[in-house]
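Raw contents of model19.cif, mmCIF, C-alpha atoms:
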data_coords
#
loop_
_atom_site.group_PDB
_atom_site.id
_atom_site.type_symbol
_atom_site.label_atom_id
_atom_site.label_comp_id
_atom_site.auth_asym_id
_atom_site.auth_seq_id
_atom_site.Cartn_x
_atom_site.Cartn_y
_atom_site.Cartn_z
ATOM 1 C CA SER R 1 -5.992 15.219 3.429
ATOM 2 C CA VAL R 2 -3.890 12.227 4.408
ATOM 3 C CA GLN R 3 -1.455 10.852 1.825
ATOM 4 C CA SER R 4 -0.566 7.675 3.728
ATOM 5 C CA LEU R 5 -0.986 6.113 7.165
ATOM 6 C CA LEU R 6 1.036 3.649 9.247
ATOM 7 C CA ALA R 7 0.178 1.837 12.478
ATOM 8 C CA HIS R 8 3.555 1.271 14.161
ATOM 9 C CA THR R 9 4.263 -1.744 16.363
ATOM 10 C CA ASP R 10 4.957 0.619 19.283
ATOM 11 C CA ARG R 11 1.236 1.564 18.953
ATOM 12 C CA SER R 12 1.926 5.028 17.571
ATOM 13 C CA VAL R 13 0.086 6.028 14.376
ATOM 14 C CA TRP R 14 1.900 7.972 11.658
ATOM 15 C CA ALA R 15 -0.140 10.236 9.379
ATOM 16 C CA ALA R 16 1.487 11.808 6.325
ATOM 17 C CA GLY R 17 0.236 14.895 4.533
ATOM 18 C CA HIS R 18 1.608 17.694 2.354
ATOM 19 C CA TYR R 19 5.286 18.214 3.284
ATOM 20 C CA ALA R 20 4.480 17.308 6.875
ATOM 21 C CA MET R 21 3.740 14.309 9.099
ATOM 22 C CA THR R 22 2.265 13.796 12.535
ATOM 23 C CA VAL R 23 2.908 10.911 14.936
ATOM 24 C CA HIS R 24 -0.042 10.147 17.211
ATOM 25 C CA TYR R 25 0.010 8.245 20.501
ATOM 26 C CA PRO R 26 -3.489 6.830 21.114
ATOM 27 C CA ALA R 27 -4.731 5.996 24.582
ATOM 28 C CA PRO R 28 -4.534 2.323 25.697
ATOM 29 C CA ARG R 29 -8.299 1.985 25.803
ATOM 30 C CA THR R 30 -8.442 2.346 22.014
ATOM 31 C CA TYR R 31 -7.975 -1.374 21.442
ATOM 32 C CA GLY R 32 -10.304 -2.567 24.173
ATOM 33 C CA GLN R 33 -9.596 -4.796 27.156
ATOM 34 C CA SER R 34 -7.887 -7.523 25.124
ATOM 35 C CA GLY R 35 -4.670 -5.542 24.785
ATOM 36 C CA ARG R 36 -2.927 -2.415 25.999
ATOM 37 C CA PRO R 37 -0.464 -0.437 23.882
ATOM 38 C CA PRO R 38 2.857 -0.313 25.779
ATOM 39 C CA GLN R 39 3.507 3.330 24.971
ATOM 40 C CA PRO R 40 1.672 5.864 27.166
ATOM 41 C CA ALA R 41 -0.780 8.265 25.558
ATOM 42 C CA ARG R 42 0.284 11.824 24.836
ATOM 43 C CA GLU R 43 -2.031 14.786 24.525
ATOM 44 C CA GLU R 44 -0.313 16.247 21.472
ATOM 45 C CA PRO R 45 1.076 14.466 18.396
ATOM 46 C CA ALA R 46 4.661 14.953 17.282
ATOM 47 C CA TRP R 47 5.205 17.037 14.133
ATOM 48 C CA LEU R 48 7.726 16.438 11.349
ATOM 49 C CA ASP R 49 8.536 18.559 8.306
ATOM 50 C CA VAL R 50 9.454 16.393 5.297
ATOM 51 C CA ASN R 51 10.632 17.112 1.771
ATOM 52 C CA GLY R 52 7.435 16.248 -0.091
ATOM 53 C CA GLU R 53 4.288 14.181 0.168
ATOM 54 C CA PRO R 54 4.852 10.684 1.640
ATOM 55 C CA LYS R 55 2.742 8.614 -0.730
ATOM 56 C CA SER R 56 3.672 5.397 1.082
ATOM 57 C CA MET R 57 5.205 4.218 4.372
ATOM 58 C CA VAL R 58 6.474 0.971 5.847
ATOM 59 C CA GLU R 59 8.034 -0.174 9.126
ATOM 60 C CA THR R 60 11.160 -2.363 9.235
ATOM 61 C CA ASP R 61 12.035 -5.016 11.824
ATOM 62 C CA ASP R 62 13.881 -2.574 14.087
ATOM 63 C CA GLY R 63 11.000 -0.080 14.043
ATOM 64 C CA THR R 64 12.488 2.311 11.490
ATOM 65 C CA VAL R 65 9.831 4.050 9.396
ATOM 66 C CA VAL R 66 10.653 4.394 5.700
ATOM 67 C CA ILE R 67 8.743 6.873 3.534
ATOM 68 C CA GLY R 68 8.620 7.507 -0.221
ATOM 69 C CA LEU R 69 8.299 11.168 -1.189
ATOM 70 C CA TYR R 70 6.612 12.897 -4.134
ATOM 71 C CA PRO R 71 7.722 14.713 -6.238
ATOM 72 C CA SER R 72 11.377 14.356 -5.189
ATOM 73 C CA THR R 73 11.253 10.498 -5.266
ATOM 74 C CA GLU R 74 13.458 10.544 -2.176
ATOM 75 C CA VAL R 75 13.308 7.493 0.101
ATOM 76 C CA VAL R 76 13.857 8.518 3.720
ATOM 77 C CA ALA R 77 14.303 6.505 6.932
ATOM 78 C CA ILE R 78 12.984 7.953 10.215
ATOM 79 C CA ASP R 79 14.061 6.857 13.693
ATOM 80 C CA PRO R 80 10.835 6.333 15.710
ATOM 81 C CA GLY R 81 12.495 7.429 18.965
ATOM 82 C CA THR R 82 14.325 10.597 17.923
ATOM 83 C CA LEU R 83 12.322 11.257 14.704
ATOM 84 C CA GLU R 84 15.658 11.940 13.003
ATOM 85 C CA GLN R 85 15.506 11.631 9.208
ATOM 86 C CA ARG R 86 18.091 9.904 7.016
ATOM 87 C CA LEU R 87 18.118 9.937 3.198
ATOM 88 C CA LEU R 88 18.453 6.415 1.775
ATOM 89 C CA GLY R 89 18.488 7.496 -1.870
ATOM 90 C CA THR R 90 16.641 9.211 -4.708
ATOM 91 C CA ILE R 91 14.823 7.028 -7.246
ATOM 92 C CA ASP R 92 14.565 9.554 -10.104
ATOM 93 C CA THR R 93 15.354 7.696 -13.432
ATOM 94 C CA GLY R 94 12.103 8.978 -14.928
ATOM 95 C CA GLN R 95 9.985 7.976 -11.916
ATOM 96 C CA MET R 96 7.486 10.220 -10.122
ATOM 97 C CA ARG R 97 5.100 8.733 -7.531
ATOM 98 C CA PRO R 98 6.169 6.145 -4.907
ATOM 99 C CA LEU R 99 2.640 4.810 -4.583
ATOM 100 C CA ALA R 100 3.291 1.658 -2.557
ATOM 101 C CA MET R 101 5.876 -0.011 -0.333
ATOM 102 C CA ALA R 102 6.421 -3.485 1.059
ATOM 103 C CA TYR R 103 8.972 -4.899 3.485
ATOM 104 C CA ASP R 104 11.001 -8.033 2.793
ATOM 105 C CA THR R 105 11.741 -9.314 6.304
ATOM 106 C CA ALA R 106 14.072 -12.115 5.212
ATOM 107 C CA ARG R 107 16.488 -9.801 3.413
ATOM 108 C CA GLY R 108 15.778 -6.528 5.238
ATOM 109 C CA ASP R 109 14.853 -4.780 1.988
ATOM 110 C CA VAL R 110 12.203 -2.139 1.508
ATOM 111 C CA LEU R 111 10.543 -2.386 -1.923
ATOM 112 C CA VAL R 112 9.104 0.777 -3.444
ATOM 113 C CA ALA R 113 6.714 0.664 -6.424
ATOM 114 C CA THR R 114 6.574 3.840 -8.513
ATOM 115 C CA THR R 115 4.725 5.294 -11.452
ATOM 116 C CA ALA R 116 6.757 7.069 -14.099
ATOM 117 C CA LYS R 117 6.680 10.760 -14.931
ATOM 118 C CA GLN R 118 3.927 12.109 -17.170
ATOM 119 C CA GLN R 119 3.645 10.457 -20.563
ATOM 120 C CA LEU R 120 6.167 7.767 -19.626
ATOM 121 C CA TYR R 121 4.838 4.220 -19.408
ATOM 122 C CA THR R 122 7.265 2.126 -17.372
ATOM 123 C CA GLY R 123 7.255 2.183 -13.583
ATOM 124 C CA ALA R 124 9.961 0.761 -11.346
ATOM 125 C CA VAL R 125 10.630 -1.270 -8.229
ATOM 126 C CA THR R 126 13.349 0.151 -5.998
ATOM 127 C CA PHE R 127 15.143 -2.175 -3.581
ATOM 128 C CA THR R 128 16.619 -0.257 -0.661
ATOM 129 C CA ASN R 129 18.131 -1.616 2.526
ATOM 130 C CA PRO R 130 18.283 0.805 5.488
ATOM 131 C CA GLY R 131 20.929 -1.354 7.176
ATOM 132 C CA THR R 132 23.405 -1.906 4.341
ATOM 133 C CA GLY R 133 22.707 1.253 2.353
ATOM 134 C CA GLU R 134 22.009 -0.666 -0.876
ATOM 135 C CA PHE R 135 19.792 1.211 -3.325
ATOM 136 C CA GLU R 136 18.836 -0.385 -6.659
ATOM 137 C CA VAL R 137 16.200 0.870 -9.110
ATOM 138 C CA ARG R 138 14.714 -1.734 -11.479
ATOM 139 C CA ASP R 139 12.532 -0.549 -14.368
ATOM 140 C CA ASP R 140 12.778 -3.819 -16.331
ATOM 141 C CA LEU R 141 10.365 -5.954 -14.304
ATOM 142 C CA LEU R 142 7.105 -4.952 -16.017
ATOM 143 C CA PRO R 143 7.963 -2.927 -19.154
ATOM 144 C CA GLU R 144 5.416 -0.497 -20.626
ATOM 145 C CA GLN R 145 3.338 -0.550 -17.428
ATOM 146 C CA ASN R 146 3.220 1.784 -14.478
ATOM 147 C CA LEU R 147 3.243 0.134 -11.049
ATOM 148 C CA ARG R 148 0.402 0.908 -8.660
ATOM 149 C CA ASN R 149 0.865 -1.614 -5.874
ATOM 150 C CA ILE R 150 3.293 -4.143 -4.437
ATOM 151 C CA VAL R 151 3.004 -6.878 -1.822
ATOM 152 C CA VAL R 152 5.622 -9.243 -0.359
ATOM 153 C CA GLU R 153 4.673 -12.824 0.460
ATOM 154 C CA GLY R 154 7.580 -14.916 1.719
ATOM 155 C CA ASP R 155 10.323 -15.068 -0.894
ATOM 156 C CA VAL R 156 8.277 -13.472 -3.662
ATOM 157 C CA ALA R 157 6.744 -10.087 -4.381
ATOM 158 C CA TYR R 158 3.767 -9.247 -6.570
ATOM 159 C CA ILE R 159 3.489 -6.006 -8.538
ATOM 160 C CA ALA R 160 0.303 -4.654 -10.133
ATOM 161 C CA GLY R 161 0.465 -2.956 -13.517
ATOM 162 C CA ASP R 162 -1.304 -0.080 -15.249
ATOM 163 C CA THR R 163 -1.170 0.269 -19.033
ATOM 164 C CA TYR R 164 -1.812 4.027 -18.922
ATOM 165 C CA ALA R 165 0.823 6.702 -18.449
ATOM 166 C CA GLU R 166 0.327 9.715 -16.196
ATOM 167 C CA GLY R 167 -1.035 12.705 -18.106
ATOM 168 C CA THR R 168 -2.284 10.809 -21.146
ATOM 169 C CA SER R 169 -5.315 8.772 -22.196
ATOM 170 C CA GLU R 170 -3.207 6.605 -24.509
ATOM 171 C CA ARG R 171 -1.658 3.223 -23.796
ATOM 172 C CA ARG R 172 0.746 0.862 -25.537
ATOM 173 C CA LEU R 173 -0.496 -2.462 -24.209
ATOM 174 C CA GLU R 174 -3.992 -3.919 -24.295
ATOM 175 C CA THR R 175 -3.945 -5.750 -20.965
ATOM 176 C CA ALA R 176 -2.433 -4.936 -17.573
ATOM 177 C CA SER R 177 -0.412 -7.634 -15.801
ATOM 178 C CA ILE R 178 0.566 -8.862 -12.361
ATOM 179 C CA ALA R 179 4.173 -10.001 -12.068
ATOM 180 C CA GLU R 180 5.638 -12.386 -9.504
ATOM 181 C CA ILE R 181 9.191 -11.444 -8.510
ATOM 182 C CA ASP R 182 11.666 -13.906 -6.993
ATOM 183 C CA LEU R 183 13.237 -11.893 -4.169
ATOM 184 C CA THR R 184 16.369 -14.053 -4.065
ATOM 185 C CA THR R 185 17.245 -13.285 -7.687
ATOM 186 C CA ARG R 186 15.151 -10.130 -8.223
ATOM 187 C CA GLU R 187 13.886 -11.555 -11.493
ATOM 188 C CA VAL R 188 10.369 -12.133 -12.826
ATOM 189 C CA ARG R 189 9.209 -15.691 -12.184
ATOM 190 C CA ARG R 190 5.643 -15.575 -13.527
ATOM 191 C CA ILE R 191 3.343 -13.034 -15.186
ATOM 192 C CA PHE R 192 -0.429 -13.284 -14.802
ATOM 193 C CA GLU R 193 -3.250 -11.739 -16.815
ATOM 194 C CA PRO R 194 -6.319 -13.273 -15.136
ATOM 195 C CA ARG R 195 -8.688 -10.693 -16.608
ATOM 196 C CA ASP R 196 -8.614 -8.318 -19.568
ATOM 197 C CA TRP R 197 -8.197 -5.206 -17.417
ATOM 198 C CA ASP R 198 -6.549 -1.905 -18.379
ATOM 199 C CA SER R 199 -5.282 -1.051 -14.879
ATOM 200 C CA TYR R 200 -4.952 -2.521 -11.420
ATOM 201 C CA GLU R 201 -5.345 -0.294 -8.380
ATOM 202 C CA THR R 202 -4.315 -2.542 -5.483
ATOM 203 C CA ILE R 203 -3.562 -6.162 -4.576
ATOM 204 C CA THR R 204 -3.114 -8.304 -1.470
ATOM 205 C CA VAL R 205 -2.421 -11.973 -0.728
ATOM 206 C CA SER R 206 -4.187 -14.143 1.862
ATOM 207 C CA GLY R 207 -3.982 -17.925 2.229
ATOM 208 C CA GLY R 208 -2.329 -18.505 -1.131
ATOM 209 C CA VAL R 209 -4.929 -16.408 -2.944
ATOM 210 C CA LEU R 210 -4.165 -13.063 -4.588
ATOM 211 C CA TYR R 211 -6.958 -10.490 -4.415
ATOM 212 C CA ALA R 212 -7.003 -7.589 -6.877
ATOM 213 C CA VAL R 213 -9.154 -4.475 -7.284
ATOM 214 C CA GLY R 214 -9.293 -2.749 -10.659
ATOM 215 C CA ARG R 215 -8.754 0.891 -11.485
ATOM 216 C CA ARG R 216 -10.042 0.279 -15.015
ATOM 217 C CA PRO R 217 -12.600 -1.320 -14.687
ATOM 218 C CA ASN R 218 -13.360 0.794 -11.649
ATOM 219 C CA GLY R 219 -14.033 -1.328 -8.552
ATOM 220 C CA ALA R 220 -14.121 -4.784 -10.116
ATOM 221 C CA TRP R 221 -12.294 -7.398 -8.020
ATOM 222 C CA PHE R 222 -11.225 -10.998 -8.292
ATOM 223 C CA ALA R 223 -9.520 -13.665 -6.186
ATOM 224 C CA PHE R 224 -6.797 -15.628 -7.977
ATOM 225 C CA ASP R 225 -5.468 -18.946 -6.673
ATOM 226 C CA LEU R 226 -1.700 -18.759 -7.094
ATOM 227 C CA ASP R 227 -1.146 -22.530 -7.233
ATOM 228 C CA SER R 228 -3.753 -23.384 -9.856
ATOM 229 C CA GLU R 229 -3.538 -19.962 -11.552
ATOM 230 C CA THR R 230 -7.319 -19.716 -11.742
ATOM 231 C CA VAL R 231 -9.850 -17.092 -10.687
ATOM 232 C CA VAL R 232 -11.871 -18.544 -7.801
ATOM 233 C CA ALA R 233 -14.108 -15.556 -7.014
ATOM 234 C CA GLU R 234 -14.978 -12.115 -8.344
ATOM 235 C CA GLY R 235 -17.298 -9.213 -7.742
ATOM 236 C CA ASP R 236 -17.564 -5.426 -7.536
ATOM 237 C CA THR R 237 -16.777 -3.125 -4.603
ATOM 238 C CA GLY R 238 -18.464 -0.099 -6.169
ATOM 239 C CA GLY R 239 -15.236 1.725 -6.962
ATOM 240 C CA TYR R 240 -11.480 1.401 -6.624
ATOM 241 C CA GLY R 241 -9.759 2.073 -3.325
ATOM 242 C CA GLY R 242 -7.682 0.284 -0.696
ATOM 243 C CA LEU R 243 -7.278 -3.439 -0.156
ATOM 244 C CA GLY R 244 -5.741 -5.290 2.770
ATOM 245 C CA SER R 245 -5.612 -8.670 4.505
ATOM 246 C CA HIS R 246 -5.529 -9.248 8.264
ATOM 247 C CA LEU R 247 -6.081 -12.280 10.502
ATOM 248 C CA GLY R 248 -7.194 -14.407 7.553
ATOM 249 C CA LYS R 249 -9.732 -11.924 6.195
ATOM 250 C CA VAL R 250 -9.652 -9.496 3.268
ATOM 251 C CA TYR R 251 -11.013 -5.961 3.375
ATOM 252 C CA ALA R 252 -11.672 -3.268 0.781
ATOM 253 C CA ARG R 253 -12.193 0.457 1.306
ATOM 254 C CA ASP R 254 -14.023 2.102 -1.588
ATOM 255 C CA THR R 255 -13.270 5.752 -2.332
ATOM 256 C CA TRP R 256 -16.400 6.240 -4.392
ATOM 257 C CA THR R 257 -19.182 4.809 -2.215
ATOM 258 C CA SER R 258 -17.336 5.570 1.063
ATOM 259 C CA SER R 259 -17.743 2.053 2.403
ATOM 260 C CA LEU R 260 -15.490 -0.441 4.183
ATOM 261 C CA GLN R 261 -16.241 -4.002 3.084
ATOM 262 C CA GLU R 262 -15.118 -7.552 3.749
ATOM 263 C CA LEU R 263 -14.508 -9.656 0.636
ATOM 264 C CA SER R 264 -14.965 -13.424 0.640
ATOM 265 C CA LEU R 265 -14.847 -16.403 -1.709
ATOM 266 C CA GLU R 266 -18.340 -17.473 -0.685
ATOM 267 C CA GLY R 267 -20.663 -18.176 -3.595
ATOM 268 C CA GLY R 268 -18.029 -17.255 -6.142
ATOM 269 C CA GLY R 269 -17.451 -13.832 -4.590
ATOM 270 C CA ALA R 270 -19.262 -11.779 -1.967
ATOM 271 C CA GLU R 271 -18.973 -8.335 -0.364
ATOM 272 C CA THR R 272 -20.185 -7.524 3.153
ATOM 273 C CA VAL R 273 -20.429 -3.850 4.057
ATOM 274 C CA LEU R 274 -19.056 -3.258 7.569
ATOM 275 C CA TYR R 275 -19.054 0.558 7.501
ATOM 276 C CA GLU R 276 -20.947 2.712 5.039
ATOM 277 C CA ASP R 277 -20.932 6.444 4.263
ATOM 278 C CA VAL R 278 -17.508 7.005 5.837
ATOM 279 C CA PRO R 279 -16.425 10.615 5.136
ATOM 280 C CA ASN R 280 -13.330 10.543 2.952
ATOM 281 C CA GLY R 281 -10.171 12.139 4.352
ATOM 282 C CA TRP R 282 -7.732 10.563 1.901
ATOM 283 C CA TYR R 283 -5.915 12.345 -0.906
ATOM 284 C CA ASN R 284 -5.034 8.999 -2.508
ATOM 285 C CA SER R 285 -6.812 5.659 -2.310
ATOM 286 C CA PRO R 286 -7.556 4.732 1.328
ATOM 287 C CA GLN R 287 -5.084 2.437 3.075
ATOM 288 C CA PHE R 288 -5.450 -0.111 5.842
ATOM 289 C CA SER R 289 -3.272 0.140 8.952
ATOM 290 C CA PHE R 290 -3.810 -3.033 10.961
ATOM 291 C CA VAL R 291 -2.400 -3.534 14.463
ATOM 292 C CA ARG R 292 -0.942 -7.005 14.980
ATOM 293 C CA LYS R 293 -3.493 -9.375 16.539
ATOM 294 C CA PHE R 294 -6.201 -6.779 17.115
ATOM 295 C CA PRO R 295 -9.256 -7.060 14.802
ATOM 296 C CA GLY R 296 -9.377 -3.517 13.514
ATOM 297 C CA THR R 297 -7.662 -0.893 11.415
ATOM 298 C CA TRP R 298 -6.669 2.724 11.669
ATOM 299 C CA GLY R 299 -8.104 4.968 8.988
ATOM 300 C CA MET R 300 -9.602 8.356 8.290
ATOM 301 C CA HIS R 301 -13.106 9.549 9.173
ATOM 302 C CA GLY R 302 -13.115 12.826 7.304
ATOM 303 C CA MET R 303 -10.178 14.799 8.700
ATOM 304 C CA ASP R 304 -10.126 12.753 11.920
ATOM 305 C CA LEU R 305 -7.866 9.793 12.626
ATOM 306 C CA ALA R 306 -10.172 6.906 13.580
ATOM 307 C CA TRP R 307 -10.007 3.309 14.800
ATOM 308 C CA PHE R 308 -12.363 0.956 12.953
ATOM 309 C CA PRO R 309 -13.090 -2.284 14.894
ATOM 310 C CA LEU R 310 -13.522 -5.304 12.611
ATOM 311 C CA PRO R 311 -15.221 -8.668 13.220
ATOM 312 C CA GLY R 312 -12.963 -11.044 15.175
#

If you convert what's in this file into structure tokens, what do you get?
Amino acid sequence: SVQSLLAHTDRSVWAAGHYAMTVHYPAPRTYGQSGRPPQPAREEPAWLDVNGEPKSMVETDDGTVVIGLYPSTEVVAIDPGTLEQRLLGTIDTGQMRPLAMAYDTARGDVLVATTAKQQLYTGAVTFTNPGTGEFEVRDDLLPEQNLRNIVVEGDVAYIAGDTYAEGTSERRLETASIAEIDLTTREVRRIFEPRDWDSYETITVSGGVLYAVGRRPNGAWFAFDLDSETVVAEGDTGGYGGLGSHLGKVYARDTWTSSLQELSLEGGGAETVLYEDVPNGWYNSPQFSFVRKFPGTWGMHGMDLAWFPLPG
């Protein structure tokens, strides 16, 4: 099963599994006649051995791929040309799963959101810079909550909380939060609690609106206008999973009903199923891997890497 997936700007596709990764080089025809990947297709993918399960991946401006490993909590940079690996740092400090990453283009920082070790409640955001070597772990941004997702939007980042600790059914807080982080100061600017949820699973931002899918309640979603701080739409995807925004649209991939949906604000919240009964090949929640201007995403169709065209 795939732990995480990344569509690189050189048109390669990186698939991470259990202590190993493969780099795939799809044929140009994959994206249709509107665009041709510059890198030629190869018959066989490249293979990498890594020190754990890459729960999350991100690409930096110079093409470097950064991965977050479980259970070591190592953050590793990989050169896309040579596939040489370089350790950026180890998060540790009571952390366990690097569930999500985001890239801050303006400052060149990679942000890693982690859940804490079993029966510990406070996750962390790690700021690491592959160019300067800086490595800072912050566990004071959303106390008493594990962190399940992170997204960067301009000069701010948003982190999604979970009131439950790994390995326990107990919690210390009644309501999970979303925090807005000022990336220039690395301090919390605003905290939102739009709904009385126990746990968030994933978030994304599109057009000044933050979309969130719940882990508890399972599959509930809402759209939250960041200027007015009001919920402008809500609905249910059928179960928690992945969430992503691309070319002005928002998509959800549900682990439980095996569907890929488009979410919209229409009528106070609507879901349109684009693909249904997709065999699940993900170990974690499914992720979206969009390719620049092309309307589509890489994903898993069972154990096969697959390209899913989306409406233009």

Next on the checklist: Set the distance at 12 Å and use only C-alpha atoms: which residues neighbour Leu263 in chain R once local chain neighbours fewer than 4 positions away are removed? I'd like the list as an MDAnalysis selection string.
Outcome noted: chainID R and resid 204 206 211:213 220:223 233:237 243:246 248:254 267:274

Next on the checklist: Once the PyMOL selection byres ((chain R and resi 93) around 9) is applied to the coordinates I shared, what remains selected? I want it as a PyMOL selection string.
Outcome noted: chain R and resi 90-92+94-96+116+137+139

Residues just named, written with C-alpha atoms as a short mmCIF file (atom, residue, chain, number, x, y, z; two decimals), in the coordinates of the input:
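As written to disk, out_10.cif reads:
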data_model
loop_
_atom_site.label_atom_id
_atom_site.label_comp_id
_atom_site.auth_asym_id
_atom_site.auth_seq_id
_atom_site.Cartn_x
_atom_site.Cartn_y
_atom_site.Cartn_z
CA THR R 90 16.64 9.21 -4.71
CA ILE R 91 14.82 7.03 -7.25
CA ASP R 92 14.56 9.55 -10.10
CA GLY R 94 12.10 8.98 -14.93
CA GLN R 95 9.98 7.98 -11.92
CA MET R 96 7.49 10.22 -10.12
CA ALA R 116 6.76 7.07 -14.10
CA VAL R 137 16.20 0.87 -9.11
CA ASP R 139 12.53 -0.55 -14.37
#

Checklist entry - Excluding same-chain residues fewer than 2 positions from Val23 in chain R, what lies within 12 Å of it counting all atoms listed in the file, as a ChimeraX atom specification? => result /R:5-8,10-17,20-21,25-26,41-49,65,78-83,305

Checklist entry - Once the PyMOL selection byres ((chain R and resi 302) around 10) has been applied to the shown file, what residues remain in the selection, as number ranges by chain? => result R: 1-2, 278-282, 299-301, 303-306

Item to check | Pairwise distance for CA of Thr175 in chain R and CA of Glu193 in chain R, rounded to one decimal in Å | outcome: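 CA of Glu193 in chain R lies 7.3 Å from CA of Thr175 in chain R.
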
Checklist entry - Taking into account all atoms listed in the file, which residue in the set R:Ile67, R:Leu260, R:Leu99, R:Val125 is nearest to Leu142 in chain R? => result R:Val125

Next on the checklist: If we draw a sphere of 10 Å around (8.2, -3.4, -9.0), which residues have at least one atom in it when counting all atoms listed in the file? Please report them as a ChimeraX atom specification.
Outcome noted: /R:100-101,111-115,123-127,137-142,146-151,157-161,178-181,186,188

Kindly save the residues from that selection, with C-alpha atoms included, as a CSV table (one decimal), keeping the file's coordinate frame.
chain,number,residue,atom,x,y,z
R,100,ALA,CA,3.3,1.7,-2.6
R,101,MET,CA,5.9,0.0,-0.3
R,111,LEU,CA,10.5,-2.4,-1.9
R,112,VAL,CA,9.1,0.8,-3.4
R,113,ALA,CA,6.7,0.7,-6.4
R,114,THR,CA,6.6,3.8,-8.5
R,115,THR,CA,4.7,5.3,-11.5
R,123,GLY,CA,7.3,2.2,-13.6
R,124,ALA,CA,10.0,0.8,-11.3
R,125,VAL,CA,10.6,-1.3,-8.2
R,126,THR,CA,13.3,0.2,-6.0
R,127,PHE,CA,15.1,-2.2,-3.6
R,137,VAL,CA,16.2,0.9,-9.1
R,138,ARG,CA,14.7,-1.7,-11.5
R,139,ASP,CA,12.5,-0.5,-14.4
R,140,ASP,CA,12.8,-3.8,-16.3
R,141,LEU,CA,10.4,-6.0,-14.3
R,142,LEU,CA,7.1,-5.0,-16.0
R,146,ASN,CA,3.2,1.8,-14.5
R,147,LEU,CA,3.2,0.1,-11.0
R,148,ARG,CA,0.4,0.9,-8.7
R,149,ASN,CA,0.9,-1.6,-5.9
R,150,ILE,CA,3.3,-4.1,-4.4
R,151,VAL,CA,3.0,-6.9,-1.8
R,157,ALA,CA,6.7,-10.1,-4.4
R,158,TYR,CA,3.8,-9.2,-6.6
R,159,ILE,CA,3.5,-6.0,-8.5
R,160,ALA,CA,0.3,-4.7,-10.1
R,161,GLY,CA,0.5,-3.0,-13.5
R,178,ILE,CA,0.6,-8.9,-12.4
R,179,ALA,CA,4.2,-10.0,-12.1
R,180,GLU,CA,5.6,-12.4,-9.5
R,181,ILE,CA,9.2,-11.4,-8.5
R,186,ARG,CA,15.2,-10.1,-8.2
R,188,VAL,CA,10.4,-12.1,-12.8

Next on the checklist: Please determine, counting only C-alpha atoms, which residue among R:Glu74, R:Pro286, R:Thr132, R:Tyr275 has the shortest atom-to-atom distance to Pro311 in chain R.
Outcome noted: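 Nearest to Pro311 in chain R: R:Tyr275.
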
Item to check | Selected residue, from R:Arg86, R:Lys293, R:His24, R:Arg97, that lies nearest to Ser56 in chain R when counting all atoms listed in the file | outcome: R:Arg97

Next on the checklist: Applying the PyMOL selection byres ((chain R and resi 109) around 8) to the file I just gave you, which residues come out? Please list them as a ChimeraX atom specification.
Outcome noted: /R:103-105,107-108,110-111,127-130

Checklist entry - Which value, in Å to one decimal, gives the distance between CA of Leu247 in chain R and CA of Thr60 in chain R? => result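 Going from CA of Leu247 in chain R over to CA of Thr60 in chain R covers 19.9 Å.
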
Checklist entry - What lies within 10 Å of Leu173 in chain R using only C-alpha atoms, ignoring chain neighbours under 2 positions off, as a PyMOL selection string? => result chain R and resi 121+143-145+162-164+170-171+175-177+198

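Picture a line from CA of Gly131 in chain R to CA of Ala102 in chain R; it runs 15.9 Å.
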
Item to check | Close residues, Phe224 in chain R itself excluded, 6 Å, only C-alpha atoms, min 4 positions apart in chain, as a VMD selection string | outcome: chain R and resid 209 to 210 230 to 232

Item to check | Spatial sel., origin (1.9, 17.8, -2.4), limit 10 Å, all atoms listed in the file, listed as an MDAnalysis selection string | outcome: chainID R and resid 3 17:20 51:55 69:71 283

Keeping C-alpha atoms for every residue in the selection just given, could you write it to a file as a compact mmCIF listing (two decimals), in the frame of the given file?
# COMPACT_ATOMS: atom_id res chain seq x y z
CA GLN R 3 -1.46 10.85 1.82
CA GLY R 17 0.24 14.90 4.53
CA HIS R 18 1.61 17.69 2.35
CA TYR R 19 5.29 18.21 3.28
CA ALA R 20 4.48 17.31 6.88
CA ASN R 51 10.63 17.11 1.77
CA GLY R 52 7.44 16.25 -0.09
CA GLU R 53 4.29 14.18 0.17
CA PRO R 54 4.85 10.68 1.64
CA LYS R 55 2.74 8.61 -0.73
CA LEU R 69 8.30 11.17 -1.19
CA TYR R 70 6.61 12.90 -4.13
CA PRO R 71 7.72 14.71 -6.24
CA TYR R 283 -5.92 12.34 -0.91
